Structure formats: C-alpha cells, structure tokens
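Raw my_file-v8.cif, mmCIF, C-alpha atoms:
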```cif
data_query
loop_
_atom_site.group_PDB
_atom_site.id
_atom_site.type_symbol
_atom_site.label_atom_id
_atom_site.label_comp_id
_atom_site.auth_asym_id
_atom_site.auth_seq_id
_atom_site.Cartn_x
_atom_site.Cartn_y
_atom_site.Cartn_z
ATOM 1 C CA VAL A 1 -8.101 -20.270 14.696
ATOM 2 C CA VAL A 2 -6.317 -20.571 11.333
ATOM 3 C CA ALA A 3 -8.442 -17.778 9.840
ATOM 4 C CA ASP A 4 -7.534 -15.511 12.772
ATOM 5 C CA THR A 5 -3.840 -16.281 12.360
ATOM 6 C CA VAL A 6 -3.943 -15.565 8.645
ATOM 7 C CA ALA A 7 -5.938 -12.378 9.276
ATOM 8 C CA VAL A 8 -3.334 -11.114 11.757
ATOM 9 C CA PHE A 9 -0.538 -11.921 9.347
ATOM 10 C CA LEU A 10 -2.321 -10.455 6.309
ATOM 11 C CA GLY A 11 -4.168 -7.393 7.511
ATOM 12 C CA ASP A 12 -5.025 -7.279 11.192
ATOM 13 C CA GLY A 13 -1.558 -7.225 12.744
ATOM 14 C CA PRO A 14 0.384 -4.034 13.501
ATOM 15 C CA LEU A 15 3.506 -5.314 11.697
ATOM 16 C CA PHE A 16 1.478 -5.606 8.497
ATOM 17 C CA TRP A 17 0.430 -1.942 8.644
ATOM 18 C CA VAL A 18 3.893 -0.719 9.626
ATOM 19 C CA LEU A 19 5.374 -2.500 6.607
ATOM 20 C CA LEU A 20 2.606 -1.234 4.357
ATOM 21 C CA ALA A 21 3.167 2.341 5.543
ATOM 22 C CA VAL A 22 6.967 2.286 5.302
ATOM 23 C CA VAL A 23 7.896 0.107 2.320
ATOM 24 C CA PRO A 24 6.168 2.008 -0.552
ATOM 25 C CA PRO A 25 7.801 5.349 0.347
ATOM 26 C CA LEU A 26 11.204 3.670 0.510
ATOM 27 C CA VAL A 27 10.672 1.969 -2.847
ATOM 28 C CA THR A 28 9.298 5.032 -4.633
ATOM 29 C CA MET A 29 11.432 7.816 -3.190
ATOM 30 C CA ARG A 30 14.057 7.580 -5.944
ATOM 31 C CA LEU A 31 11.845 6.777 -8.930
ATOM 32 C CA VAL A 32 11.692 10.295 -10.332
ATOM 33 C CA ALA A 33 13.421 12.449 -7.700
ATOM 34 C CA GLU A 34 16.810 10.872 -8.386
ATOM 35 C CA GLU A 35 16.297 11.246 -12.147
ATOM 36 C CA ARG A 36 15.606 14.940 -11.641
ATOM 37 C CA ARG A 37 18.533 15.417 -9.239
ATOM 38 C CA SER A 38 21.050 13.666 -11.482
ATOM 39 C CA GLY A 39 19.845 15.436 -14.636
ATOM 40 C CA THR A 40 18.743 12.289 -16.465
ATOM 41 C CA LEU A 41 15.046 13.199 -16.329
ATOM 42 C CA GLU A 42 15.378 15.455 -19.374
ATOM 43 C CA LEU A 43 17.003 12.638 -21.323
ATOM 44 C CA LEU A 44 14.260 10.250 -20.259
ATOM 45 C CA LEU A 45 11.456 12.674 -21.131
ATOM 46 C CA THR A 46 12.905 13.383 -24.580
ATOM 47 C CA ALA A 47 12.977 9.666 -25.425
ATOM 48 C CA PRO A 48 10.369 8.528 -27.979
ATOM 49 C CA VAL A 49 7.862 7.571 -25.256
ATOM 50 C CA ARG A 50 5.100 9.586 -23.645
ATOM 51 C CA ASP A 51 5.500 11.008 -20.156
ATOM 52 C CA GLY A 52 2.584 8.890 -18.974
ATOM 53 C CA GLU A 53 4.263 5.740 -20.253
ATOM 54 C CA VAL A 54 7.423 6.560 -18.298
ATOM 55 C CA ILE A 55 5.447 7.125 -15.099
ATOM 56 C CA LEU A 56 3.337 3.993 -15.673
ATOM 57 C CA ALA A 57 6.465 1.907 -16.226
ATOM 58 C CA LYS A 58 8.055 3.232 -13.034
ATOM 59 C CA PHE A 59 4.820 2.561 -11.134
ATOM 60 C CA LEU A 60 4.561 -1.007 -12.439
ATOM 61 C CA VAL A 61 8.212 -1.740 -11.685
ATOM 62 C CA ALA A 62 7.730 -0.512 -8.117
ATOM 63 C CA LEU A 63 4.634 -2.719 -7.775
ATOM 64 C CA VAL A 64 6.400 -5.792 -9.140
ATOM 65 C CA PHE A 65 9.330 -5.201 -6.796
ATOM 66 C CA GLN A 66 6.967 -4.965 -3.833
ATOM 67 C CA ALA A 67 5.174 -8.124 -4.974
ATOM 68 C CA PHE A 68 8.518 -9.893 -4.656
ATOM 69 C CA LEU A 69 8.808 -8.478 -1.147
ATOM 70 C CA TRP A 70 5.390 -9.925 -0.230
ATOM 71 C CA ALA A 71 6.097 -13.281 -1.909
ATOM 72 C CA PRO A 72 7.825 -14.859 1.127
ATOM 73 C CA THR A 73 4.526 -14.628 3.015
ATOM 74 C CA LEU A 74 3.350 -17.467 0.792
ATOM 75 C CA ALA A 75 5.837 -19.669 2.662
ATOM 76 C CA TYR A 76 3.816 -18.981 5.807
ATOM 77 C CA VAL A 77 0.727 -20.396 4.102
ATOM 78 C CA ARG A 78 2.684 -23.457 3.054
ATOM 79 C CA ILE A 79 3.924 -23.967 6.619
ATOM 80 C CA LEU A 80 0.343 -23.802 7.872
ATOM 81 C CA ARG A 81 -0.714 -26.410 5.319
ATOM 82 C CA ASN A 82 2.199 -28.687 6.248
ATOM 83 C CA TYR A 83 0.966 -28.687 9.847
ATOM 84 C CA GLY A 84 -2.523 -29.657 8.717
ATOM 85 C CA ALA A 85 -4.149 -26.258 9.082
ATOM 86 C CA VAL A 86 -5.756 -25.321 5.803
ATOM 87 C CA PRO A 87 -6.441 -21.583 5.494
ATOM 88 C CA ASP A 88 -9.553 -20.462 3.651
ATOM 89 C CA ALA A 89 -8.558 -19.959 0.015
ATOM 90 C CA GLY A 90 -11.068 -17.147 -0.436
ATOM 91 C CA GLN A 91 -9.686 -15.229 2.513
ATOM 92 C CA LEU A 92 -6.135 -15.712 1.259
ATOM 93 C CA LEU A 93 -6.924 -14.618 -2.286
ATOM 94 C CA SER A 94 -8.904 -11.576 -1.183
ATOM 95 C CA SER A 95 -6.202 -10.623 1.338
ATOM 96 C CA TYR A 96 -3.526 -10.763 -1.342
ATOM 97 C CA ALA A 97 -5.783 -8.814 -3.725
ATOM 98 C CA GLY A 98 -6.251 -6.206 -1.004
ATOM 99 C CA ILE A 99 -2.521 -6.077 -0.368
ATOM 100 C CA ALA A 100 -1.909 -5.529 -4.080
ATOM 101 C CA LEU A 101 -4.518 -2.760 -4.281
ATOM 102 C CA CYS A 102 -3.397 -1.074 -1.069
ATOM 103 C CA THR A 103 0.232 -1.285 -2.141
ATOM 104 C CA GLY A 104 -0.755 0.170 -5.504
ATOM 105 C CA LEU A 105 -2.466 3.121 -3.835
ATOM 106 C CA LEU A 106 0.455 3.850 -1.528
ATOM 107 C CA THR A 107 2.942 3.358 -4.382
ATOM 108 C CA ALA A 108 1.027 5.877 -6.491
ATOM 109 C CA VAL A 109 1.200 8.350 -3.611
ATOM 110 C CA GLY A 110 4.932 7.745 -3.238
ATOM 111 C CA LEU A 111 5.433 8.216 -6.965
ATOM 112 C CA LEU A 112 3.466 11.474 -6.813
ATOM 113 C CA PHE A 113 5.736 12.798 -4.064
ATOM 114 C CA SER A 114 8.791 11.623 -6.007
ATOM 115 C CA THR A 115 7.666 13.596 -9.073
ATOM 116 C CA ARG A 116 7.216 16.776 -7.042
ATOM 117 C CA THR A 117 10.783 17.073 -5.680
ATOM 118 C CA SER A 118 14.379 16.415 -6.604
ATOM 119 C CA ASN A 119 15.252 15.295 -3.073
ATOM 120 C CA GLN A 120 14.529 11.633 -2.419
ATOM 121 C CA ILE A 121 14.405 12.152 1.358
ATOM 122 C CA VAL A 122 11.713 14.809 0.962
ATOM 123 C CA ALA A 123 9.777 12.417 -1.285
ATOM 124 C CA ALA A 124 10.062 9.592 1.266
ATOM 125 C CA VAL A 125 9.061 11.774 4.225
ATOM 126 C CA GLY A 126 6.126 13.304 2.349
ATOM 127 C CA SER A 127 4.877 9.904 1.261
ATOM 128 C CA LEU A 128 5.360 8.443 4.727
ATOM 129 C CA ALA A 129 3.480 11.377 6.265
ATOM 130 C CA PHE A 130 0.577 10.774 3.889
ATOM 131 C CA ASN A 131 0.573 7.058 4.685
ATOM 132 C CA VAL A 132 0.600 7.656 8.422
ATOM 133 C CA LEU A 133 -2.125 10.262 8.050
ATOM 134 C CA PHE A 134 -4.429 7.900 6.179
ATOM 135 C CA LEU A 135 -3.513 4.783 8.156
ATOM 136 C CA VAL A 136 -3.144 6.027 11.743
ATOM 137 C CA LEU A 137 -5.197 9.207 12.089
ATOM 138 C CA PRO A 138 -8.583 7.573 11.383
ATOM 139 C CA ALA A 139 -7.866 5.068 14.156
ATOM 140 C CA LEU A 140 -7.206 7.893 16.625
ATOM 141 C CA VAL A 141 -10.564 9.625 16.130
ATOM 142 C CA ARG A 142 -12.958 6.709 16.675
ATOM 143 C CA GLU A 143 -14.978 8.380 19.424
ATOM 144 C CA GLU A 144 -18.454 9.756 18.731
ATOM 145 C CA ARG A 145 -17.521 13.232 19.949
ATOM 146 C CA PHE A 146 -15.486 13.774 16.768
ATOM 147 C CA GLY A 147 -18.684 13.472 14.676
ATOM 148 C CA LEU A 148 -18.182 14.662 11.103
ATOM 149 C CA LEU A 149 -14.377 14.440 11.285
ATOM 150 C CA ARG A 150 -14.663 10.795 12.359
ATOM 151 C CA ARG A 151 -16.995 9.978 9.453
ATOM 152 C CA VAL A 152 -14.800 11.756 6.901
ATOM 153 C CA LEU A 153 -11.602 10.113 8.122
ATOM 154 C CA SER A 154 -13.307 6.726 8.209
ATOM 155 C CA ALA A 155 -14.376 7.209 4.577
ATOM 156 C CA VAL A 156 -10.770 7.819 3.472
ATOM 157 C CA SER A 157 -9.106 5.348 5.836
ATOM 158 C CA VAL A 158 -6.954 2.865 3.952
ATOM 159 C CA ALA A 159 -7.088 0.415 6.878
ATOM 160 C CA ASP A 160 -10.886 0.598 7.269
ATOM 161 C CA HIS A 161 -11.431 -0.208 3.608
ATOM 162 C CA PHE A 162 -9.022 -3.124 3.869
ATOM 163 C CA ALA A 163 -10.526 -4.498 7.082
ATOM 164 C CA GLY A 164 -14.070 -3.997 5.837
ATOM 165 C CA SER A 165 -13.598 -6.329 2.924
ATOM 166 C CA PHE A 166 -10.319 -7.949 1.975
ATOM 167 C CA SER A 167 -9.083 -9.346 5.285
ATOM 168 C CA ARG A 168 -12.500 -10.986 5.816
ATOM 169 C CA GLY A 169 -12.448 -12.750 2.462
ATOM 170 C CA LEU A 170 -14.796 -10.386 0.624
ATOM 171 C CA LEU A 171 -14.357 -8.419 -2.574
ATOM 172 C CA ASP A 172 -16.632 -5.400 -2.220
ATOM 173 C CA SER A 173 -16.870 -3.192 -5.312
ATOM 174 C CA GLY A 174 -16.953 -0.051 -3.146
ATOM 175 C CA HIS A 175 -13.613 -0.921 -1.597
ATOM 176 C CA LEU A 176 -12.177 -1.924 -4.979
ATOM 177 C CA PHE A 177 -13.265 1.463 -6.352
ATOM 178 C CA PHE A 178 -11.666 3.279 -3.398
ATOM 179 C CA TYR A 179 -8.263 1.733 -4.102
ATOM 180 C CA ALA A 180 -8.571 2.229 -7.843
#
```
How does the structure come out when it is put into structure tokens?
Amino acid sequence: VVADTVAVFLGDGPLFWVLLAVVPPLVTMRLVAEERRSGTLELLLTAPVRDGEVILAKFLVALVFQAFLWAPTLAYVRILRNYGAVPDAGQLLSSYAGIALCTGLLTAVGLLFSTRTSNQIVAAVGSLAFNVLFLVLPALVREERFGLLRRVLSAVSVADHFAGSFSRGLLDSGHLFFYA
C-alpha cells in the first residue's frame, strides 16, 4: 500500500503530470526571451563567456530552482516514516532520479522555446504545447487501430518512459538515454 501511495505521489497521479507539464514552461519562459526583449542579450553574449556556457548556466539555474520546488515532497516521505510506513528506498531514489531527468528534458524544451522568441508568453505557450503533446497525446491513442502512430507516440512518450522504469524503482539505460 505504501509503494502505491508513493507511486501516485511521484509519478502515477494526475497532479504529478500536470505540475510536470506546467512548471518548466513557467520557469523557463523568461530565461532568454526577456533578455532579448529588454536588450540585455547582446550585453550578455558579448561577455567573456561562450554562448553555450550562458545557456548551460541558465539551464542549470532553472533545474536547481525546480529542485527546490520538488523538495517539499520529501516531507511527505518523512510523514510516511513517522506513521510507521517505510517506503522502498529504491523506488524513492529512482522516482526522484526520473523526476530530475524528466524535468531536465522539459526544461531544455522550455529553454529552446525561450531562445526562439522575444515574447515570454509565446515561449511559455510553445513549451506547454510541446509538453502536452508528448505527455497527453500518447495516452489518447492507446487503441490498436492507431497502429504505427500508436507505436511512434509510445516511443516518444515522456510518461511511458517514466512509468516503464522510474516509478517502479528501476533504472533502465534505455529510459535514461531517452531523457538524456
């Protein structure tokens, strides 16, 4: 029962996927778009650092910020332990690893959209559309009649890769490679 509760909270529940789809676009929408809109991008790109270093730093800052947003979920684990229910450590660690990798993927997508426009709303909507496409659409075409489309969407489904490994307590190299 504890494993099911942890799985719902860290990968199988709809709130988890809504947060995972919405938070990265909101965090990344201003990373580069606002710099471009305000005119400070030129100043930043002429600094004595490479463009890739600037983008990597913005990506890592967004990831660290989102890690702080996920940190309160550790209190849930502590509450479970205080009531005598001990969650499986392997499942917890792999779930958090999956969350980090999935957040990294969706943050990279949000950063990509932020670099392509000077409007932060356009960046957020584009990133959110991508997230919904790769999180929700594969779940809508589960029937056999969709054939090749179903197989292709399942292969690129962020949720399927997460559920197939991380939320069950497994670290599969194929799923790790997908997120990388």
field: Among the residues A:Val125, A:Leu135, A:Val32, A:Ala47, the one that comes closest to Leu111 in chain A [using all atoms listed in the file]
entry: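 Going through A:Val125, A:Leu135, A:Val32, A:Ala47 one by one, the smallest distance to Leu111 in chain A is for A:Val32.
Note on the selection: in this file the PyMOL selection byres ((chain A and resi 93-102) around 7) comes out as Leu10, Ala89, Gly90, Gln91, Leu92, Thr103, Gly104, Leu105, Leu106, Phe162, Phe166, Ser167, Gly169, Leu170, Leu171 and Tyr179 of chain A.
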statement: Using all atoms listed in the file, the best pick from A:Leu149, A:Val18, A:Val156, A:Ala108 as closest to Leu56 in chain A would be A:Ala108
task: Go through the shown structure with the PyMOL selection byres ((chain A and resi 137) around 12) and write out the matching residues as a PyMOL selection string.
output: chain A and resi 129-136+138-142+149-150+152-154+156-160
message: Can you measure CA of Gly126 in chain A to CA of Val22 in chain A for me? One decimal in Å is fine.
response: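 CA of Gly126 in chain A sits 11.4 Å away from CA of Val22 in chain A.
The closest residue to Thr107 in chain A, picked from A:Leu176, A:Ala124, A:Leu63, A:Ala33 and counting all atoms listed in the file, is A:Leu63.
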field: Å distance separating CA of Val49 in chain A from CA of Val27 in chain A, one decimal place
entry: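 Computed distance, CA of Val49 in chain A to CA of Val27 in chain A, equals 23.3 Å.
Between CA of Phe68 in chain A and CA of Leu31 in chain A lies a distance of 17.5 Å.
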Keeping N, CA, C and O atoms (and nothing else), can you write range 17-42 of chain A of this structure as a compact mmCIF listing (two decimals), in the first residue's frame?
```
# COMPACT_ATOMS: atom_id res chain seq x y z
N TRP A 17 1.67 14.87 -13.15
CA TRP A 17 1.90 15.16 -14.56
C TRP A 17 1.46 16.56 -14.93
O TRP A 17 2.06 17.20 -15.80
N VAL A 18 0.41 17.08 -14.27
CA VAL A 18 0.01 18.46 -14.53
C VAL A 18 1.13 19.41 -14.10
O VAL A 18 1.50 20.33 -14.83
N LEU A 19 1.68 19.17 -12.91
CA LEU A 19 2.77 20.02 -12.43
C LEU A 19 4.00 19.89 -13.33
O LEU A 19 4.66 20.89 -13.63
N LEU A 20 4.29 18.68 -13.75
CA LEU A 20 5.46 18.46 -14.60
C LEU A 20 5.28 19.10 -15.98
O LEU A 20 6.25 19.53 -16.60
N ALA A 21 4.05 19.19 -16.45
CA ALA A 21 3.80 19.81 -17.75
C ALA A 21 3.79 21.33 -17.67
O ALA A 21 4.18 22.00 -18.62
N VAL A 22 3.36 21.89 -16.54
CA VAL A 22 3.15 23.32 -16.43
C VAL A 22 4.35 24.07 -15.84
O VAL A 22 4.69 25.17 -16.30
N VAL A 23 5.01 23.50 -14.85
CA VAL A 23 6.05 24.24 -14.14
C VAL A 23 7.27 24.56 -15.02
O VAL A 23 7.71 25.73 -15.04
N PRO A 24 7.86 23.62 -15.77
CA PRO A 24 9.03 24.00 -16.58
C PRO A 24 8.78 25.13 -17.58
O PRO A 24 9.62 26.03 -17.68
N PRO A 25 7.63 25.16 -18.28
CA PRO A 25 7.42 26.32 -19.16
C PRO A 25 7.35 27.65 -18.40
O PRO A 25 7.84 28.67 -18.88
N LEU A 26 6.75 27.62 -17.21
CA LEU A 26 6.65 28.86 -16.44
C LEU A 26 8.01 29.31 -15.91
O LEU A 26 8.28 30.50 -15.81
N VAL A 27 8.87 28.35 -15.59
CA VAL A 27 10.20 28.69 -15.09
C VAL A 27 11.10 29.17 -16.23
O VAL A 27 11.89 30.10 -16.05
N THR A 28 10.98 28.57 -17.40
CA THR A 28 11.92 28.86 -18.48
C THR A 28 11.47 29.96 -19.43
O THR A 28 12.28 30.44 -20.22
N MET A 29 10.24 30.41 -19.34
CA MET A 29 9.73 31.33 -20.35
C MET A 29 10.50 32.65 -20.42
O MET A 29 10.58 33.26 -21.48
N ARG A 30 11.10 33.07 -19.33
CA ARG A 30 11.80 34.35 -19.32
C ARG A 30 13.32 34.21 -19.46
O ARG A 30 14.01 35.23 -19.56
N LEU A 31 13.83 33.01 -19.46
CA LEU A 31 15.29 32.84 -19.38
C LEU A 31 16.05 33.60 -20.45
O LEU A 31 17.03 34.28 -20.17
N VAL A 32 15.62 33.48 -21.69
CA VAL A 32 16.30 34.17 -22.77
C VAL A 32 15.37 35.19 -23.43
O VAL A 32 15.82 36.26 -23.85
N ALA A 33 14.08 34.88 -23.50
CA ALA A 33 13.13 35.77 -24.16
C ALA A 33 13.13 37.15 -23.54
O ALA A 33 13.10 38.16 -24.25
N GLU A 34 13.17 37.23 -22.24
CA GLU A 34 13.17 38.53 -21.56
C GLU A 34 14.48 39.27 -21.80
O GLU A 34 14.49 40.49 -21.94
N GLU A 35 15.58 38.52 -21.87
CA GLU A 35 16.88 39.14 -22.17
C GLU A 35 16.84 39.77 -23.57
O GLU A 35 17.34 40.88 -23.77
N ARG A 36 16.25 39.05 -24.50
CA ARG A 36 16.16 39.56 -25.87
C ARG A 36 15.22 40.77 -25.94
O ARG A 36 15.52 41.77 -26.58
N ARG A 37 14.08 40.69 -25.25
CA ARG A 37 13.11 41.77 -25.28
C ARG A 37 13.66 43.04 -24.66
O ARG A 37 13.48 44.14 -25.17
N SER A 38 14.37 42.91 -23.56
CA SER A 38 14.88 44.08 -22.85
C SER A 38 16.18 44.63 -23.44
O SER A 38 16.64 45.68 -23.03
N GLY A 39 16.78 43.89 -24.36
CA GLY A 39 18.01 44.35 -24.99
C GLY A 39 19.28 43.98 -24.25
O GLY A 39 20.37 44.42 -24.63
N THR A 40 19.18 43.19 -23.20
CA THR A 40 20.38 42.81 -22.44
C THR A 40 21.04 41.55 -22.99
O THR A 40 22.11 41.18 -22.53
N LEU A 41 20.42 40.91 -23.96
CA LEU A 41 21.01 39.69 -24.53
C LEU A 41 22.33 40.01 -25.22
O LEU A 41 23.29 39.25 -25.09
N GLU A 42 22.39 41.12 -25.94
CA GLU A 42 23.63 41.49 -26.62
C GLU A 42 24.76 41.70 -25.62
O GLU A 42 25.88 41.27 -25.84
```
